[in-house]
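**Student:** Have a peek at input_26.csv (CSV, C-alpha atoms).
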chain,number,residue,atom,x,y,z
M,1,GLN,CA,-1.1,-13.2,-27.2
M,2,VAL,CA,-2.3,-9.8,-28.3
M,3,LEU,CA,-5.7,-9.7,-29.9
M,4,ASN,CA,-6.4,-7.4,-32.8
M,5,THR,CA,-9.7,-5.7,-32.0
M,6,SER,CA,-11.6,-2.6,-32.6
M,7,THR,CA,-10.4,0.6,-31.0
M,8,SER,CA,-13.9,1.9,-30.6
M,9,PHE,CA,-13.5,1.6,-26.9
M,10,MET,CA,-11.0,4.4,-27.0
M,11,CYS,CA,-13.4,7.3,-26.7
M,12,ASN,CA,-13.5,10.4,-24.6
M,13,SER,CA,-16.4,9.3,-22.5
M,14,HIS,CA,-14.0,7.2,-20.5
M,15,LYS,CA,-11.8,9.6,-18.4
M,16,ARG,CA,-8.9,7.2,-17.8
M,17,GLY,CA,-9.2,4.9,-20.8
M,18,PRO,CA,-7.0,6.7,-23.3
M,19,TRP,CA,-4.4,7.3,-20.5
M,20,PHE,CA,-4.5,3.6,-19.6
M,21,TRP,CA,-3.6,2.1,-22.9
M,22,GLY,CA,-1.6,5.2,-23.9
M,23,SER,CA,0.7,4.6,-20.8
M,24,PHE,CA,1.0,1.0,-21.8
M,25,ALA,CA,2.2,2.0,-25.3
M,26,THR,CA,4.9,4.3,-23.9
M,27,GLN,CA,6.2,1.4,-21.8
M,28,GLY,CA,6.4,-1.0,-24.8
M,29,ARG,CA,3.2,-2.8,-23.7
M,30,ARG,CA,0.1,-3.4,-25.8
M,31,THR,CA,-3.5,-3.5,-24.8
M,32,VAL,CA,-5.5,-6.7,-25.0
M,33,PHE,CA,-9.2,-6.1,-25.3
M,34,TYR,CA,-11.7,-8.5,-23.6
M,35,ASP,CA,-13.7,-9.7,-26.6
M,36,LYS,CA,-15.7,-12.8,-27.6
M,37,THR,CA,-12.5,-14.9,-27.8
M,38,LEU,CA,-11.5,-14.2,-24.2
M,39,ARG,CA,-15.1,-14.3,-23.0
M,40,ASP,CA,-15.7,-17.8,-24.5
M,41,ALA,CA,-12.3,-19.2,-23.4
M,42,GLN,CA,-12.5,-22.0,-20.8
M,43,LEU,CA,-9.2,-20.9,-19.3
M,44,ILE,CA,-7.1,-17.8,-19.5
M,45,HIS,CA,-3.5,-18.4,-18.5
M,46,PHE,CA,-1.3,-15.5,-17.4
M,47,ALA,CA,2.3,-16.7,-18.0
M,48,ALA,CA,3.6,-14.7,-15.0
M,49,SER,CA,6.6,-17.0,-14.6
M,50,ASP,CA,8.1,-15.5,-17.8
M,51,LYS,CA,10.2,-12.5,-17.0
M,52,GLU,CA,8.7,-10.3,-19.6
M,53,ARG,CA,5.2,-11.2,-18.3
M,54,ARG,CA,5.7,-10.9,-14.6
M,55,LEU,CA,2.6,-9.3,-12.9
M,56,LEU,CA,4.5,-6.7,-10.8
M,57,VAL,CA,1.5,-4.4,-11.0
M,58,HIS,CA,-1.6,-3.7,-9.0
M,59,PHE,CA,-4.8,-5.4,-10.2
M,60,TYR,CA,-6.4,-2.0,-10.8
M,61,ALA,CA,-3.5,-1.0,-13.1
M,62,PHE,CA,-3.5,-4.2,-15.1
M,63,ILE,CA,-7.3,-4.4,-15.9
M,64,TYR,CA,-9.4,-1.5,-17.0
M,65,PHE,CA,-13.2,-1.6,-17.2
M,66,THR,CA,-14.6,1.0,-19.5
M,67,ASP,CA,-17.8,1.0,-17.4
M,68,PRO,CA,-16.9,2.5,-14.0
M,69,VAL,CA,-19.9,0.8,-12.3
M,70,ILE,CA,-18.2,-2.5,-13.1
M,71,GLY,CA,-14.7,-1.3,-12.4
M,72,ASN,CA,-15.7,0.0,-8.9
M,73,TYR,CA,-17.6,-3.2,-8.2
M,74,PHE,CA,-14.5,-5.3,-8.6
M,75,LYS,CA,-12.4,-2.8,-6.6
M,76,ARG,CA,-14.9,-3.2,-3.8
M,77,LEU,CA,-14.8,-7.0,-4.3
M,78,VAL,CA,-11.0,-7.0,-3.7
M,79,ARG,CA,-11.3,-4.6,-0.8
M,80,ASP,CA,-14.1,-6.5,1.0
M,81,TYR,CA,-13.3,-10.2,0.2
M,82,ILE,CA,-9.6,-10.5,-0.7
M,83,HIS,CA,-7.9,-9.7,2.6
M,84,TYR,CA,-6.0,-11.3,5.5
M,85,LYS,CA,-7.7,-14.0,7.5
M,86,ASP,CA,-9.7,-13.1,10.7
M,87,ALA,CA,-7.0,-14.6,12.9
M,88,ILE,CA,-4.5,-12.1,11.5
M,89,PHE,CA,-6.8,-9.2,12.1
M,90,CYS,CA,-7.7,-10.3,15.6
M,91,ALA,CA,-4.1,-10.5,16.6
M,92,ALA,CA,-3.3,-7.2,15.1
M,93,GLY,CA,-6.4,-5.7,16.7
M,94,LYS,CA,-5.2,-6.6,20.1
M,95,ILE,CA,-1.9,-4.7,19.5
M,96,VAL,CA,-3.7,-1.7,18.0
M,97,LYS,CA,-6.0,-1.5,21.1
M,98,ALA,CA,-3.0,-1.8,23.4
M,99,LEU,CA,-1.2,1.1,21.6
M,100,GLN,CA,-4.3,3.2,21.6
M,101,GLN,CA,-4.9,2.6,25.3
M,102,GLU,CA,-1.4,3.7,26.1
M,103,GLY,CA,-1.7,6.6,23.7
M,104,LEU,CA,-5.0,7.7,25.4
M,105,SER,CA,-3.2,7.7,28.8
M,106,ARG,CA,-0.9,10.3,27.2
M,107,GLY,CA,-3.7,12.4,25.8
M,108,PHE,CA,-3.7,11.0,22.3
M,109,SER,CA,-7.2,10.0,21.2
M,110,PRO,CA,-8.0,7.5,18.3
M,111,ASP,CA,-10.1,8.7,15.4
M,112,GLY,CA,-13.8,9.0,15.6
M,113,GLU,CA,-14.4,5.4,14.7
M,114,GLY,CA,-11.7,4.1,17.1
M,115,GLY,CA,-10.0,2.3,14.3
M,116,GLY,CA,-6.9,4.4,13.9
M,117,GLY,CA,-4.7,7.0,15.5
M,118,GLY,CA,-3.6,7.3,19.1
M,119,TYR,CA,-0.1,6.5,17.9
M,120,SER,CA,1.9,6.9,14.7
M,121,SER,CA,3.9,4.3,12.7
M,122,MET,CA,6.7,3.6,10.3
M,123,HIS,CA,7.8,0.8,8.0
M,124,ILE,CA,11.6,0.5,7.6
M,125,ARG,CA,12.5,-2.1,4.9
M,126,ARG,CA,16.0,-3.5,5.1
M,127,ASN,CA,17.3,-7.1,5.0
M,128,ASP,CA,17.0,-8.5,1.4
M,129,PHE,CA,15.5,-5.3,0.0
M,130,GLN,CA,16.8,-5.1,-3.6
M,131,TRP,CA,16.4,-1.3,-3.9
M,132,LYS,CA,19.7,-0.4,-2.3
M,133,ALA,CA,19.4,3.3,-3.1
M,134,MET,CA,16.5,3.4,-0.7
M,135,TRP,CA,18.7,2.1,2.2
M,136,ILE,CA,19.2,5.0,4.6
M,137,SER,CA,20.7,5.0,8.0
M,138,GLY,CA,18.9,5.2,11.3
M,139,LYS,CA,20.1,8.8,11.7
M,140,GLU,CA,18.6,9.6,8.3
M,141,TRP,CA,15.3,8.0,9.2
M,142,PHE,CA,15.1,10.2,12.3
M,143,LYS,CA,16.2,13.4,10.5
M,144,ASN,CA,13.7,12.8,7.6
M,145,THR,CA,10.7,12.1,9.9
M,146,LYS,CA,11.2,14.0,13.1
M,147,THR,CA,8.8,16.8,12.1
M,148,TYR,CA,5.9,14.4,11.7
M,149,TRP,CA,5.7,13.2,15.3
M,150,LEU,CA,3.9,14.9,18.2
M,151,PRO,CA,5.7,15.3,21.5
M,152,ASN,CA,5.5,12.1,23.7
M,153,GLU,CA,3.7,10.2,20.9
M,154,ILE,CA,4.3,6.4,20.6
M,155,ILE,CA,5.9,5.4,17.3
M,156,TYR,CA,5.3,1.8,16.2
M,157,ILE,CA,8.0,0.5,13.8
M,158,SER,CA,7.3,-2.3,11.4
M,159,THR,CA,10.6,-3.7,10.1
M,160,ASP,CA,12.6,-6.7,9.0
M,161,GLU,CA,15.8,-5.2,10.3
M,162,LEU,CA,17.3,-7.5,13.0
M,163,ASP,CA,20.1,-5.3,14.3
M,164,ASN,CA,18.9,-3.3,17.3
M,165,GLU,CA,21.8,-0.9,16.9
M,166,PHE,CA,20.4,0.3,13.6
M,167,PHE,CA,17.4,1.8,15.5
M,168,LYS,CA,19.4,3.6,18.2
M,169,PRO,CA,19.1,7.1,16.6
M,170,LEU,CA,15.4,6.6,16.8
M,171,THR,CA,15.0,4.8,20.1
M,172,ASP,CA,17.2,7.4,21.8
M,173,ARG,CA,14.9,10.2,20.8
M,174,LEU,CA,11.5,8.6,20.3
M,175,ASP,CA,9.2,6.3,22.3
M,176,VAL,CA,9.3,3.3,20.0
M,177,ARG,CA,7.4,0.0,19.9
M,178,PHE,CA,8.0,-3.1,17.8
M,179,LEU,CA,6.0,-6.2,17.1
M,180,LYS,CA,8.1,-8.2,19.6
M,181,ASP,CA,6.9,-5.9,22.4
M,182,PHE,CA,3.4,-7.4,22.1
M,183,ASN,CA,4.1,-11.1,22.2
M,184,ASP,CA,2.0,-11.5,25.4
M,185,VAL,CA,-0.7,-9.0,24.5
M,186,ALA,CA,-1.4,-10.7,21.1
M,187,GLY,CA,-0.4,-14.2,22.0
M,188,LEU,CA,2.1,-14.1,19.1
M,189,ASP,CA,4.0,-17.2,20.3
M,190,GLY,CA,0.9,-19.2,19.4
M,191,VAL,CA,0.4,-17.5,16.0
M,192,ASP,CA,1.5,-19.0,12.7
M,193,PRO,CA,4.9,-17.4,12.1
M,194,ASN,CA,3.8,-16.8,8.5
M,195,TYR,CA,1.2,-14.4,9.8
M,196,LEU,CA,3.6,-12.1,11.7
M,197,GLY,CA,4.5,-9.8,8.7
M,198,MET,CA,0.8,-9.3,7.9
M,199,ILE,CA,0.0,-8.5,11.6
M,200,ASP,CA,2.8,-6.0,11.5
M,201,ALA,CA,1.4,-4.4,8.4
M,202,ILE,CA,-2.1,-4.0,9.9
M,203,VAL,CA,-0.8,-2.4,13.1
M,204,ALA,CA,1.3,0.0,11.0
M,205,SER,CA,-1.7,0.9,8.8
M,206,ARG,CA,-3.6,2.2,11.8
M,207,GLY,CA,-1.2,4.9,12.8
M,208,ARG,CA,-2.2,8.6,12.9
M,209,ILE,CA,0.8,9.3,10.6
M,210,PHE,CA,2.5,6.5,8.6
M,211,VAL,CA,5.9,6.8,7.0
M,212,GLY,CA,7.0,4.0,4.6
M,213,THR,CA,9.9,2.9,2.5
M,214,TYR,CA,9.6,3.9,-1.1
M,215,PHE,CA,9.8,1.0,-3.6
M,216,SER,CA,8.6,-1.4,-0.9
M,217,SER,CA,5.4,-3.2,-1.9
M,218,PHE,CA,4.9,-3.9,1.8
M,219,SER,CA,4.8,-0.1,2.6
M,220,ALA,CA,2.7,0.4,-0.5
M,221,TYR,CA,0.0,-2.1,0.6
M,222,ILE,CA,-0.1,-0.4,4.0
M,223,GLY,CA,-0.9,2.7,2.1
M,224,ARG,CA,-3.7,1.0,0.3
M,225,MET,CA,-5.1,-0.4,3.6
M,226,ARG,CA,-5.0,3.2,5.0
M,227,GLY,CA,-7.0,4.2,2.0
M,228,TYR,CA,-9.5,1.5,2.6
M,229,HIS,CA,-9.7,2.7,6.3
M,230,GLY,CA,-10.6,6.2,4.9
M,231,MET,CA,-7.4,7.8,6.1
M,232,LEU,CA,-6.1,10.9,4.3
M,233,PRO,CA,-3.3,10.5,1.7
M,234,THR,CA,-1.6,13.6,3.3
M,235,ASP,CA,-1.1,11.6,6.5
M,236,MET,CA,1.3,9.2,4.7
M,237,TYR,CA,4.9,10.0,3.9
M,238,TYR,CA,8.1,8.2,2.7
M,239,GLY,CA,11.3,8.1,4.7
M,240,GLN,CA,13.4,8.8,1.6
M,241,SER,CA,13.4,12.6,1.4
M,242,GLN,CA,13.1,12.7,-2.4
M,243,PHE,CA,9.9,10.7,-2.3
M,244,ALA,CA,8.5,12.1,1.0
M,245,LEU,CA,5.3,13.7,-0.4
M,246,HIS,CA,4.6,11.3,-3.3
M,247,THR,CA,1.2,10.3,-1.9
M,248,HIS,CA,0.0,13.9,-1.4
M,249,GLN,CA,-0.8,14.6,-5.0
M,250,TRP,CA,-3.1,12.6,-7.3
M,251,ALA,CA,-1.2,10.2,-9.6
M,252,ASP,CA,-2.5,7.6,-12.0
M,253,PRO,CA,-0.7,4.2,-12.0
M,254,GLN,CA,2.7,4.3,-13.7
M,255,ALA,CA,5.9,2.4,-13.7
M,256,SER,CA,7.5,1.3,-11.5
M,257,TYR,CA,4.1,0.1,-10.4
M,258,SER,CA,5.1,-1.8,-7.3
M,259,SER,CA,7.0,1.2,-5.8
M,260,ARG,CA,3.8,2.6,-4.4
M,261,GLU,CA,0.0,2.3,-4.6
M,262,PHE,CA,-2.3,4.7,-6.4
M,263,PRO,CA,-5.5,6.3,-5.1
M,264,VAL,CA,-7.6,5.1,-8.1
M,265,GLY,CA,-7.6,1.8,-6.2
M,266,TRP,CA,-9.7,3.0,-3.4
M,267,ILE,CA,-10.9,6.6,-3.8
M,268,GLY,CA,-14.6,6.8,-4.8
M,269,ILE,CA,-15.0,3.1,-5.3
M,270,ASP,CA,-18.3,3.0,-3.3
M,271,GLY,CA,-19.8,5.1,-6.0
M,272,ASP,CA,-20.6,4.6,-9.7
M,273,GLU,CA,-18.4,7.3,-11.2
M,274,GLU,CA,-14.8,7.2,-12.4
M,275,VAL,CA,-12.7,9.4,-10.1
M,276,THR,CA,-9.6,11.3,-11.3
M,277,SER,CA,-8.8,13.4,-8.3
M,278,PHE,CA,-9.0,13.6,-4.5
M,279,ASN,CA,-12.0,16.0,-4.9
M,280,ILE,CA,-15.0,13.7,-5.1
What would the structure in this file look like if it were written as structure tokens?

**Tutor:**
Amino acid sequence: QVLNTSTSFMCNSHKRGPWFWGSFATQGRRTVFYDKTLRDAQLIHFAASDKERRLLVHFYAFIYFTDPVIGNYFKRLVRDYIHYKDAIFCAAGKIVKALQQEGLSRGFSPDGEGGGGGYSSMHIRRNDFQWKAMWISGKEWFKNTKTYWLPNEIIYISTDELDNEFFKPLTDRLDVRFLKDFNDVAGLDGVDPNYLGMIDAIVASRGRIFVGTYFSSFSAYIGRMRGYHGMLPTDMYYGQSQFALHTHQWADPQASYSSREFPVGWIGIDGDEEVTSFNI
């Protein structure tokens, strides 16, 4: 249902407002304003099971608060309270610590907070990945990423690819680690198997450099977690050469939304101002 409401909200005092509903219009979508009808409703149902109403969009690109104080509050709420369970972070933390300790023995120090770095990481999405144009060979992964790594640096690879031969162009040239290499360190045999992908993502998010798969929402969320950690957007790349530097320039949310995350979701959210660039 689209409500017919006043367009008085669409004023220049809101930096992103006109863009927000303007971008919806160009995509054949219409803005629904939160008014008395919605405020007084006992239940608001998002019919996401309908194909034309699927919520394949980040929360910060679906709801716009004209008051940035409120908007940033809810972005912080999602960051601080809607996250993986402690058991998942604890298991991932053991792996991050093991990687950092090995990295330290090679002369690679973690960041100043000890939360990231000491190794670098990749996410290679394969298996049932529907974006077949993003499928590149192991040779291409090495060719497209080889300049990002430091000599003798450990590279952690998060992946759903089960064929070890696929990784041979990488493992022959790089010192690679996978989740399965840390079964004993993190006690993974006793962990709920549904947690393994999330553990994998957290470990990948802590790398000095991270290279993801474009159009993968898994890679995208790793990018947002890196933003939450305070890591620079210029320390993330994509393995597909045509999208390699997509996180290095500011971009407001746009279709296809799930292909990547956007910095408005985490940059400047601890303040009360609406941010429209990396320079805050």

**Student:** Per residue of region 57-87 of chain M within 12 Å of region 179-197 of chain M, record the nearest atom pair and its distance in Å to one decimal, counting only C-alpha atoms, with rows in chain order and ascending residue number, as CSV.

**Tutor:**
residue,atom,partner,partner_atom,distance
M:Tyr84,CA,M:Tyr195,CA,8.9
M:Lys85,CA,M:Tyr195,CA,9.2
M:Asp86,CA,M:Tyr195,CA,11.0
M:Ala87,CA,M:Val191,CA,8.5

**Student:** Measuring between only C-alpha atoms, which one of M:His246, M:Ile269, M:Asn279, M:Leu150 shows the shortest distance to Asp80 (chain M)?

**Tutor:**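 The answer is M:Ile269, which sits nearest to Asp80 (chain M).
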
**Student:** Which residue gives the smallest distance to Asn127 (chain M) among M:Tyr238, M:Phe166, M:Phe65, M:Phe142, with all atoms listed in the file counted?

**Tutor:** M:Phe166

**Student:** Near region 224-235 of chain M, within 6 Å and counting all atoms listed in the file, which residues show up once chain neighbours fewer than 4 positions away are dropped, as number ranges by chain?

**Tutor:** M: 205, 209, 247-248

**Student:** Would you pick out the contacts of Asp111 (chain M) at 10 Å or less, using all atoms listed in the file, so that residues sharing its chain but fewer than 3 positions from it are not included, and give the list as JSON, numbers by chain?

**Tutor:** {"M": [108, 114, 115, 116, 117, 118, 206, 208, 231]}

**Student:** Of the candidates M:Ala201, M:Leu174, M:Val211, M:Trp250, which one gets nearest to Ala92 (chain M) if we count only C-alpha atoms?

**Tutor:**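 Under the stated criterion, the closest residue is M:Ala201.
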
**Student:** Hey, which of M:Met236, M:Val203, M:Leu245, M:Ile267 ends up closest to Lys97 (chain M)? Count only C-alpha atoms.

**Tutor:** M:Val203

**Student:** For a quick check of understanding, using all atoms listed in the file, which of M:Val32, M:Val275, M:Leu56, M:Leu99 has the smallest distance to Glu261 (chain M)?

**Tutor:** M:Leu56
